[in-house]
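One file, structure.cif, carrying mmCIF, C-alpha atoms:
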```cif
data_start
#
loop_
_atom_site.label_atom_id
_atom_site.label_comp_id
_atom_site.auth_asym_id
_atom_site.auth_seq_id
_atom_site.Cartn_x
_atom_site.Cartn_y
_atom_site.Cartn_z
CA MET P 159 -19.46 19.81 -22.64
CA GLY P 160 -17.08 17.36 -24.33
CA LEU P 161 -15.33 14.41 -22.70
CA THR P 162 -11.93 16.13 -22.77
CA GLU P 163 -13.22 19.17 -20.89
CA THR P 164 -15.04 17.05 -18.30
CA TYR P 165 -11.94 14.90 -17.82
CA LEU P 166 -9.80 17.99 -17.21
CA ILE P 167 -12.34 19.35 -14.71
CA ALA P 168 -12.19 16.05 -12.83
CA LEU P 169 -8.39 16.12 -12.92
CA SER P 170 -8.35 19.68 -11.60
CA VAL P 171 -10.60 18.71 -8.69
CA ILE P 172 -8.48 15.63 -7.91
CA LEU P 173 -5.24 17.61 -7.80
CA ALA P 174 -6.42 20.90 -6.29
CA LEU P 175 -8.75 20.10 -3.39
CA PRO P 176 -6.50 17.78 -1.34
CA TYR P 177 -3.51 20.07 -1.83
CA LEU P 178 -5.44 23.15 -0.68
CA VAL P 179 -6.76 21.35 2.40
CA TRP P 180 -3.30 20.02 3.26
CA ARG P 181 -1.61 23.39 2.78
CA LEU P 182 -4.22 25.74 4.24
CA LEU P 183 -5.14 23.60 7.26
CA ARG P 184 -1.52 22.55 7.86
CA THR P 185 -2.44 18.91 8.42
CA GLU P 186 1.11 17.56 8.02
CA HIS P 187 1.47 16.70 11.74
CA TRP P 188 -1.38 14.18 11.71
CA ALA P 189 -2.18 13.70 8.02
CA PRO P 190 0.52 13.92 5.31
CA LEU P 191 -0.59 14.95 1.82
CA VAL P 192 -0.96 11.34 0.72
CA VAL P 193 -3.45 10.70 3.56
CA VAL P 194 -5.39 13.87 2.70
CA GLN P 195 -5.56 12.68 -0.91
CA ILE P 196 -7.01 9.33 0.18
CA ILE P 197 -9.58 11.07 2.39
CA GLY P 198 -10.34 13.39 -0.54
CA GLY P 199 -11.02 10.37 -2.72
CA ILE P 200 -13.51 9.05 -0.16
CA LEU P 201 -15.25 12.44 0.12
CA LEU P 202 -15.47 12.77 -3.67
CA GLY P 203 -16.96 9.28 -3.93
CA PRO P 204 -20.64 8.31 -4.27
CA GLY P 205 -21.09 7.90 -0.52
CA VAL P 206 -20.42 11.58 0.27
CA LEU P 207 -20.30 13.92 -2.76
CA GLY P 208 -22.61 11.61 -4.69
CA HIS P 209 -25.10 11.77 -1.84
CA PHE P 210 -25.00 15.50 -1.08
CA ALA P 211 -24.37 16.81 -4.61
CA PRO P 212 -25.52 14.06 -6.99
CA ASP P 213 -25.87 16.37 -10.00
CA PHE P 214 -22.30 17.69 -9.75
CA HIS P 215 -20.94 14.21 -9.03
CA GLY P 216 -22.76 12.78 -12.01
CA PHE P 217 -21.63 15.65 -14.25
CA VAL P 218 -17.91 15.39 -13.41
CA PHE P 219 -17.39 11.69 -12.74
CA THR P 220 -19.20 10.22 -15.72
CA PRO P 221 -18.58 6.59 -16.72
CA GLN P 222 -16.44 7.77 -19.66
CA VAL P 223 -14.33 10.01 -17.40
CA MET P 224 -13.93 7.19 -14.87
CA THR P 225 -12.79 4.82 -17.62
CA ALA P 226 -10.09 7.31 -18.61
CA LEU P 227 -9.07 7.93 -15.00
CA ASN P 228 -8.95 4.22 -14.23
CA GLY P 229 -6.48 3.68 -17.08
CA VAL P 230 -4.15 6.23 -15.49
CA ALA P 231 -4.73 4.75 -12.02
CA TRP P 232 -3.88 1.19 -13.11
CA TRP P 233 -0.57 2.19 -14.67
CA ALA P 234 0.26 4.53 -11.78
CA VAL P 235 -0.21 1.90 -9.10
CA MET P 236 1.66 -0.72 -11.15
CA MET P 237 4.69 1.59 -11.34
CA PHE P 238 4.44 2.44 -7.65
CA VAL P 239 4.29 -1.21 -6.55
CA PHE P 240 7.12 -2.00 -8.97
CA VAL P 241 9.38 0.62 -7.35
CA ALA P 242 8.47 -0.69 -3.89
CA GLY P 243 9.65 -4.12 -5.05
CA VAL P 244 12.89 -2.75 -6.49
CA GLU P 245 13.69 -0.88 -3.27
CA LEU P 246 13.35 -3.90 -0.98
CA ASP P 247 16.85 -4.47 0.44
CA LEU P 248 16.95 -8.08 1.58
CA SER P 249 20.72 -8.16 2.07
CA ASP P 250 20.56 -6.03 5.23
CA ALA P 251 17.74 -8.15 6.58
CA TRP P 252 19.84 -11.26 5.93
CA LYS P 253 22.77 -9.84 7.92
CA HIS P 254 20.47 -9.42 10.93
CA ARG P 255 18.24 -12.36 10.07
CA GLY P 256 17.66 -13.67 13.60
CA GLU P 257 16.48 -10.42 15.16
CA THR P 258 14.76 -9.25 11.96
CA SER P 259 12.87 -12.51 11.40
CA LEU P 260 11.63 -12.71 14.98
CA THR P 261 10.47 -9.10 15.06
CA ALA P 262 8.90 -9.19 11.59
CA ALA P 263 7.08 -12.42 12.46
CA CYS P 264 5.70 -11.02 15.72
CA ALA P 265 4.74 -7.73 14.03
CA LEU P 266 2.89 -9.58 11.26
CA LEU P 267 1.39 -12.71 12.82
CA THR P 268 -0.14 -11.14 15.93
CA PRO P 269 -2.22 -8.47 14.11
CA LEU P 270 -3.00 -11.10 11.45
CA LEU P 271 -4.47 -13.28 14.20
CA PHE P 272 -6.34 -10.40 15.83
CA GLY P 273 -7.64 -9.18 12.48
CA SER P 274 -8.73 -12.66 11.44
CA LEU P 275 -10.64 -13.09 14.71
CA ALA P 276 -12.36 -9.73 14.13
CA ALA P 277 -13.20 -10.78 10.57
CA ALA P 278 -14.49 -14.17 11.69
CA LEU P 279 -16.86 -12.36 14.05
CA LEU P 280 -18.03 -9.77 11.51
CA LEU P 281 -18.44 -12.14 8.58
CA ARG P 282 -21.11 -14.11 10.42
CA THR P 283 -23.47 -11.33 9.34
CA PRO P 284 -24.38 -11.02 5.63
CA GLY P 285 -23.10 -8.37 3.25
CA TRP P 286 -19.34 -8.51 3.83
CA ILE P 287 -18.15 -11.45 1.67
CA GLY P 288 -18.00 -10.86 -2.09
CA PRO P 289 -19.89 -13.03 -4.60
CA LYS P 290 -16.71 -14.87 -5.65
CA GLY P 291 -15.11 -15.02 -2.21
CA THR P 292 -15.19 -17.80 0.37
CA TYR P 293 -15.31 -17.42 4.13
CA PRO P 294 -11.64 -18.50 4.61
CA GLN P 295 -10.46 -16.17 1.81
CA ALA P 296 -12.29 -13.19 3.31
CA VAL P 297 -11.08 -13.94 6.85
CA LEU P 298 -7.47 -14.27 5.73
CA GLY P 299 -7.70 -11.21 3.48
CA ILE P 300 -9.10 -8.98 6.22
CA GLY P 301 -6.63 -10.39 8.75
CA MET P 302 -3.74 -9.60 6.42
CA ALA P 303 -5.09 -6.10 5.78
CA CYS P 304 -4.96 -5.52 9.55
CA ALA P 305 -1.32 -6.70 9.62
CA VAL P 306 0.00 -4.69 6.66
CA THR P 307 2.68 -2.00 7.02
CA ALA P 308 3.02 0.37 4.06
CA LEU P 309 6.77 0.61 3.43
CA PRO P 310 6.61 3.75 1.19
CA ILE P 311 4.55 5.68 3.76
CA LEU P 312 6.82 4.41 6.54
CA VAL P 313 9.80 5.89 4.68
CA LEU P 314 7.96 9.19 4.20
CA LEU P 315 7.10 9.46 7.91
CA MET P 316 10.60 8.44 9.02
CA GLU P 317 12.07 11.21 6.87
CA LYS P 318 9.64 13.67 8.44
CA LEU P 319 10.59 12.54 11.96
CA GLY P 320 14.32 12.57 11.19
CA ILE P 321 14.99 8.87 11.87
CA PHE P 322 15.30 7.48 8.36
CA ARG P 323 19.11 7.28 8.42
CA ALA P 324 19.28 6.50 12.17
CA PRO P 325 19.86 2.91 13.39
CA LEU P 326 16.23 2.75 14.53
CA GLY P 327 15.06 3.74 11.05
CA GLN P 328 17.17 1.04 9.41
CA ARG P 329 15.72 -1.54 11.79
CA LEU P 330 12.21 -0.44 10.87
CA LEU P 331 13.05 -0.83 7.18
CA ARG P 332 14.24 -4.39 7.76
CA TYR P 333 11.09 -5.39 9.64
CA ALA P 334 8.76 -3.76 7.11
CA SER P 335 10.65 -5.23 4.14
CA LEU P 336 10.17 -8.81 5.29
CA ASP P 337 6.51 -8.15 6.03
CA ASP P 338 6.09 -6.64 2.55
CA ILE P 339 7.18 -9.92 1.01
CA ALA P 340 4.78 -11.83 3.25
CA ILE P 341 1.90 -9.54 2.23
CA TRP P 342 2.26 -10.34 -1.45
CA GLY P 343 2.86 -14.02 -0.73
CA VAL P 344 -0.40 -14.22 1.23
CA LEU P 345 -2.21 -12.32 -1.51
CA ALA P 346 -0.99 -14.83 -4.08
CA LEU P 347 -2.22 -17.63 -1.79
CA ILE P 348 -5.64 -16.00 -1.43
CA LEU P 349 -5.94 -15.59 -5.20
CA VAL P 350 -5.03 -19.17 -6.11
CA ASP P 351 -7.76 -20.34 -8.43
CA TRP P 352 -7.85 -24.12 -8.43
CA GLU P 353 -9.69 -24.11 -11.75
CA ARG P 354 -6.80 -22.13 -13.27
CA VAL P 355 -3.93 -23.53 -11.22
CA GLY P 356 -2.30 -24.81 -14.41
CA ARG P 357 -2.11 -21.27 -15.77
CA GLN P 358 -0.70 -20.01 -12.48
CA GLY P 359 1.93 -22.73 -12.43
CA LEU P 360 2.84 -21.87 -16.01
CA PHE P 361 3.12 -18.19 -15.07
CA LEU P 362 5.44 -18.89 -12.12
CA ALA P 363 7.66 -21.19 -14.19
CA GLY P 364 7.79 -18.72 -17.07
CA PHE P 365 8.41 -15.82 -14.69
CA ALA P 366 11.36 -17.63 -13.06
CA ALA P 367 12.96 -18.29 -16.44
CA ALA P 368 12.27 -14.78 -17.75
CA SER P 369 13.68 -13.24 -14.55
CA MET P 370 17.06 -14.89 -15.09
CA ILE P 371 17.16 -13.61 -18.67
CA VAL P 372 16.16 -10.08 -17.63
CA ARG P 373 18.71 -9.99 -14.80
CA ALA P 374 21.47 -11.12 -17.15
CA LEU P 375 20.44 -8.48 -19.67
CA PHE P 376 20.29 -5.70 -17.05
CA ARG P 377 23.91 -6.35 -16.06
CA ARG P 378 24.96 -5.44 -19.60
CA LEU P 379 22.87 -2.29 -20.03
CA ASP P 380 23.44 1.29 -18.93
CA GLU P 381 20.94 2.86 -16.55
CA GLN P 382 18.92 4.71 -19.17
CA ASP P 383 18.21 1.48 -21.04
CA ARG P 384 17.44 -0.28 -17.75
CA TRP P 385 14.70 2.23 -16.99
CA TYR P 386 13.07 1.79 -20.39
CA LEU P 387 13.32 -2.00 -20.30
CA SER P 388 11.92 -1.95 -16.75
CA LEU P 389 8.65 -0.48 -18.00
CA ILE P 390 8.36 -3.11 -20.73
CA TRP P 391 9.18 -5.85 -18.19
CA LEU P 392 6.57 -4.39 -15.81
CA ALA P 393 3.79 -4.31 -18.42
CA VAL P 394 4.50 -7.84 -19.68
CA THR P 395 4.73 -9.34 -16.18
CA GLY P 396 1.55 -7.55 -15.08
CA PHE P 397 -0.30 -8.94 -18.10
CA ALA P 398 1.01 -12.47 -17.53
CA ALA P 399 0.05 -12.43 -13.83
CA ASP P 400 -3.46 -11.19 -14.61
CA TRP P 401 -3.87 -13.73 -17.42
CA SER P 402 -2.93 -16.53 -15.02
CA GLY P 403 -5.70 -15.60 -12.59
CA LEU P 404 -3.53 -13.72 -10.13
CA HIS P 405 -3.64 -9.92 -10.28
CA PHE P 406 -1.60 -7.45 -12.29
CA MET P 407 -0.37 -5.85 -9.06
CA VAL P 408 1.08 -9.17 -7.89
CA GLY P 409 2.93 -9.24 -11.20
CA ALA P 410 4.06 -5.64 -10.73
CA PHE P 411 5.57 -6.41 -7.33
CA LEU P 412 7.31 -9.54 -8.62
CA ALA P 413 8.67 -7.61 -11.61
CA GLY P 414 10.35 -5.16 -9.23
CA VAL P 415 11.54 -7.51 -6.51
CA VAL P 416 13.71 -9.58 -8.88
CA LEU P 417 15.67 -6.47 -9.90
CA ASP P 418 18.53 -5.05 -7.81
CA ALA P 419 18.13 -1.52 -6.47
CA GLN P 420 21.86 -0.94 -7.06
CA TRP P 421 21.22 -1.06 -10.81
CA PHE P 422 19.50 2.33 -10.44
CA THR P 423 20.87 5.46 -8.80
CA ARG P 424 19.22 6.27 -5.48
CA GLU P 425 18.46 9.83 -6.59
CA LYS P 426 16.54 8.67 -9.68
CA LEU P 427 14.59 6.07 -7.71
CA ASP P 428 13.59 8.73 -5.17
CA MET P 429 12.69 11.19 -7.92
CA PHE P 430 10.64 8.56 -9.75
CA ARG P 431 8.69 7.63 -6.61
CA GLU P 432 8.08 11.31 -5.77
CA PHE P 433 7.04 11.98 -9.36
CA LEU P 434 4.44 9.21 -9.15
CA LEU P 435 3.12 10.51 -5.83
CA LEU P 436 2.90 14.02 -7.23
CA THR P 437 1.39 13.39 -10.67
CA VAL P 438 -0.54 10.15 -11.05
CA MET P 439 -1.08 8.45 -7.68
CA PRO P 440 -3.70 11.09 -6.71
CA VAL P 441 -5.77 9.67 -9.58
CA PHE P 442 -5.48 6.22 -8.01
CA PHE P 443 -6.60 7.59 -4.63
CA LEU P 444 -9.60 9.23 -6.28
CA SER P 445 -10.56 6.07 -8.14
CA THR P 446 -10.21 4.19 -4.84
CA GLY P 447 -12.51 6.65 -3.07
CA LEU P 448 -15.09 6.34 -5.82
CA ARG P 449 -15.33 2.62 -5.04
CA THR P 450 -16.43 3.16 -1.45
CA ASP P 451 -19.94 2.05 -0.59
CA TRP P 452 -22.15 2.60 2.45
CA GLY P 453 -24.88 0.24 1.29
CA ILE P 454 -25.14 -1.69 4.57
CA GLY P 455 -25.38 1.62 6.42
CA GLY P 456 -22.90 4.22 7.58
CA ALA P 457 -23.05 3.13 11.22
CA MET P 458 -22.32 -0.50 10.36
CA VAL P 459 -19.42 0.40 8.07
CA PHE P 460 -17.89 2.74 10.66
CA GLY P 461 -18.41 0.11 13.34
CA ALA P 462 -16.57 -2.45 11.21
CA ALA P 463 -13.76 0.07 10.58
CA LEU P 464 -13.35 0.67 14.34
CA LEU P 465 -13.36 -3.09 14.99
CA PHE P 466 -10.60 -3.57 12.41
CA LEU P 467 -8.67 -0.58 13.81
CA LEU P 468 -8.79 -2.03 17.33
CA ALA P 469 -7.61 -5.42 16.08
CA SER P 470 -4.85 -3.87 13.97
CA VAL P 471 -3.45 -1.47 16.56
CA SER P 472 -3.66 -3.83 19.54
CA GLY P 473 -2.30 -6.74 17.52
CA LYS P 474 0.66 -4.80 16.14
CA LEU P 475 1.58 -3.32 19.53
CA ALA P 476 1.23 -6.67 21.29
CA GLY P 477 3.40 -8.42 18.70
CA VAL P 478 6.16 -5.81 18.74
CA HIS P 479 6.20 -5.66 22.57
CA LEU P 480 6.55 -9.44 22.60
CA ALA P 481 9.53 -9.20 20.24
CA GLY P 482 11.04 -6.43 22.39
CA ARG P 483 10.74 -8.52 25.52
CA LEU P 484 12.29 -11.58 23.86
CA LEU P 485 15.16 -9.56 22.38
CA GLY P 486 15.80 -7.33 25.38
CA TRP P 487 15.15 -3.95 23.76
CA LYS P 488 15.59 -0.86 25.90
CA GLN P 489 12.51 0.70 27.43
CA GLY P 490 10.34 2.70 25.02
CA GLU P 491 11.67 1.21 21.78
CA ALA P 492 8.84 -1.29 21.36
CA SER P 493 6.20 1.45 21.58
CA VAL P 494 7.94 3.57 18.93
CA ILE P 495 8.42 0.61 16.58
CA GLY P 496 4.88 -0.66 17.15
CA TRP P 497 3.31 2.70 16.33
CA MET P 498 5.59 3.33 13.34
CA LEU P 499 4.54 0.00 11.86
CA GLN P 500 0.89 1.09 12.02
CA THR P 501 1.25 2.97 8.71
CA LYS P 502 -1.11 1.22 6.32
CA ALA P 503 -2.16 3.69 3.64
CA LEU P 504 -1.09 2.89 0.04
CA ILE P 505 0.05 -0.74 0.24
CA MET P 506 -2.93 -1.84 2.32
CA ILE P 507 -5.26 0.11 0.03
CA ILE P 508 -3.65 -1.56 -2.99
CA PHE P 509 -4.04 -4.93 -1.24
CA VAL P 510 -7.77 -4.50 -0.55
CA ASN P 511 -8.33 -3.09 -4.06
CA VAL P 512 -7.23 -6.48 -5.34
CA LEU P 513 -9.62 -8.26 -2.96
CA LEU P 514 -12.44 -6.03 -4.24
CA ASP P 515 -11.44 -6.53 -7.89
CA LYS P 516 -11.59 -10.29 -7.41
CA GLN P 517 -14.94 -9.96 -5.59
CA ILE P 518 -13.58 -11.65 -2.46
CA VAL P 519 -14.98 -8.82 -0.32
CA THR P 520 -17.86 -6.45 -0.89
CA ALA P 521 -17.61 -2.69 -1.40
CA GLU P 522 -18.81 -2.21 2.20
CA THR P 523 -15.93 -4.32 3.56
CA PHE P 524 -13.56 -2.43 1.29
CA THR P 525 -14.87 0.89 2.65
CA ALA P 526 -14.42 -0.23 6.27
CA LEU P 527 -10.85 -1.37 5.57
CA LEU P 528 -10.09 1.86 3.74
CA LEU P 529 -11.29 3.90 6.72
CA MET P 530 -9.19 1.73 9.04
CA ALA P 531 -6.09 2.31 6.89
CA VAL P 532 -6.58 6.08 6.99
CA MET P 533 -7.19 6.17 10.76
CA SER P 534 -4.22 3.96 11.64
CA THR P 535 -1.89 6.03 9.45
CA MET P 536 -3.14 9.28 10.97
CA LEU P 537 -2.39 7.97 14.47
CA THR P 538 1.27 7.30 13.72
CA VAL P 539 3.00 10.69 13.95
CA PRO P 540 1.04 12.04 16.97
CA MET P 541 1.72 8.82 18.90
CA VAL P 542 5.39 8.46 17.89
CA LYS P 543 6.64 12.03 18.18
CA PRO P 544 6.50 12.35 22.01
CA ARG P 545 7.91 8.83 22.41
CA LEU P 546 10.88 9.71 20.20
CA ALA P 547 11.47 12.83 22.30
CA ARG P 548 11.64 10.70 25.44
CA LEU P 549 14.17 8.43 23.74
CA GLY P 550 16.19 11.48 22.65
CA ILE P 551 16.27 10.59 18.94
CA GLY P 552 14.81 12.05 15.79
CA GLU P 553 14.12 15.59 14.69
CA ASP P 554 10.87 16.80 13.20
CA ARG P 555 11.28 18.15 9.68
#
```

Starting from the coordinates I provided, produce the structure as structure tokens.
Amino acid sequence: MGLTETYLIALSVILALPYLVWRLLRTEHWAPLVVVQIIGGILLGPGVLGHFAPDFHGFVFTPQVMTALNGVAWWAVMMFVFVAGVELDLSDAWKHRGETSLTAACALLTPLLFGSLAAALLLRTPGWIGPKGTYPQAVLGIGMACAVTALPILVLLMEKLGIFRAPLGQRLLRYASLDDIAIWGVLALILVDWERVGRQGLFLAGFAAASMIVRALFRRLDEQDRWYLSLIWLAVTGFAADWSGLHFMVGAFLAGVVLDAQWFTREKLDMFREFLLLTVMPVFFLSTGLRTDWGIGGAMVFGAALLFLLASVSGKLAGVHLAGRLLGWKQGEASVIGWMLQTKALIMIIFVNVLLDKQIVTAETFTALLLMAVMSTMLTVPMVKPRLARLGIGEDR
């Protein structure tokens, strides 16, 4: 069978199986389609399908097919991260900067500390730090992965729960937006290559100058031209960031964050994000699943995932409850906010993909973090829904 036919078989499997599971088993309450797609990627990977059906796995997911799929996945995730950067609304956070900064700091730093302590314990055993990673890099990377909140998934779940336009939903957006910026800032810090620091300095200086030119140009263009120029700007910035020793996804986020969301109509931004989730992001989830590895042993990987989950959940809840106590929130709000900010799928998976690409962590560490991201995201709706009912807000959709 030719490469084209095999590629289309792989694409059919990627698109069909998660959708059928999601629709037929009605998993929406505890696992939205995006979570099912991520789990599907893990199950289709070498650790599960490759183990139980090696001939079929080897027939469908050949190196040539994976090369083609990875090309789609890279561009898909670059566009998705770019849109996440565009949609960050820092003006609202600035209006409520005192309350937002305190809450965002507590919600980020406490799970970062808990996750780093868990990593420091785990990394004393061999097999978790990548060949090009150092102990501090791996500890900070895992700690940050435990602290991440995935803003796009948070928006999706808030829409499902009917709180996206409510005051509570807008507060959640502010907290998650500030933490999103911190996530990419920490990633850039982790990826600093002192042997290539000159290139990275040149990239940042060039990016600052180019951003001013692009912003001035965007003010003079109509929206159709802005969309086309955005893709060129995204590709060039991604290349420049990767050339400098950072990662193309850091460049993708920076390319989006310097643009104003008001330059694009809300409807088109929403449609573009939904189009990506529908058509090409499933390929990224599959390629992510195919990178999972159980080499150390399934029990050890699952044990690490549960350790990270405990650190992430307890750290996030402790931090948000601390903020609630300091700010005098009404009873029950801190629990809702703490559980809503547990959503990690997508952005956290993108984050740890970069750590794996740069060989800071091993495939086993990546697998444990991926499992943690899926589990924490699946906990969100079941834990939040009854708490929202007690507060008398929200409406399941």

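Using all atoms listed in the file, the shortest contact distance between Leu444 of chain P and any of P:Gly301, P:Gly199, P:Pro204, P:Gly327 is found at P:Gly199.
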
Each segment 198-310 of chain P residue no farther than 10 Å from segment 498-506 of chain P, nearest pair in Å, only C-alpha atoms, as JSON lines:
```
{"residue": "P:Val235", "atom": "CA", "partner": "P:Leu504", "partner_atom": "CA", "distance": 9.2}
{"residue": "P:Phe238", "atom": "CA", "partner": "P:Leu504", "partner_atom": "CA", "distance": 9.5}
{"residue": "P:Val239", "atom": "CA", "partner": "P:Ile505", "partner_atom": "CA", "distance": 8.0}
{"residue": "P:Ala242", "atom": "CA", "partner": "P:Ile505", "partner_atom": "CA", "distance": 9.4}
{"residue": "P:Ala265", "atom": "CA", "partner": "P:Leu499", "partner_atom": "CA", "distance": 8.0}
{"residue": "P:Leu266", "atom": "CA", "partner": "P:Leu499", "partner_atom": "CA", "distance": 9.7}
{"residue": "P:Met302", "atom": "CA", "partner": "P:Met506", "partner_atom": "CA", "distance": 8.8}
{"residue": "P:Ala303", "atom": "CA", "partner": "P:Met506", "partner_atom": "CA", "distance": 5.9}
{"residue": "P:Cys304", "atom": "CA", "partner": "P:Met506", "partner_atom": "CA", "distance": 8.4}
{"residue": "P:Ala305", "atom": "CA", "partner": "P:Gln500", "partner_atom": "CA", "distance": 8.4}
{"residue": "P:Val306", "atom": "CA", "partner": "P:Met506", "partner_atom": "CA", "distance": 6.0}
{"residue": "P:Thr307", "atom": "CA", "partner": "P:Lys502", "partner_atom": "CA", "distance": 5.0}
{"residue": "P:Ala308", "atom": "CA", "partner": "P:Lys502", "partner_atom": "CA", "distance": 4.8}
{"residue": "P:Leu309", "atom": "CA", "partner": "P:Ile505", "partner_atom": "CA", "distance": 7.6}
{"residue": "P:Pro310", "atom": "CA", "partner": "P:Leu504", "partner_atom": "CA", "distance": 7.8}
```

Exercise. Can you work out which one of P:Leu260, P:Ala457, P:Ile197, P:Leu436 has the shortest atom-to-atom distance to Val179 of chain P, counting only C-alpha atoms?
Key: P:Ile197

Quiz item: atom CA of Asn511 of chain P and atom CA of Gly461 of chain P, how far apart in Å?
Solution: 20.4 Å

Self-check item: Using all atoms listed in the file: which of P:Phe376, P:Phe361, P:Phe433, P:Phe509 has the shortest distance to Ala531 of chain P
Solution: P:Phe509

Quiz prompt | Non-local contacts of Gly203 of chain P (9 Å; all atoms listed in the file; under 6 positions in same chain excluded) as number ranges by chain | solution = P: 209, 215, 444-451

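Among the candidate residues P:Trp286, P:Asp418, P:Ile495, P:Trp401, the one lying nearest to Gly482 of chain P is P:Ile495, with distances computed using all atoms listed in the file.
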
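Note that atom CA of Leu484 of chain P and atom CA of Leu326 of chain P are 17.5 Å apart.
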
Self-check item: Selection dump of the PyMOL selection byres ((chain P and resi 475) around 9), as a PyMOL selection string
Solution: chain P and resi 265+268-269+470-474+476-480+492-493+495-497+499-500
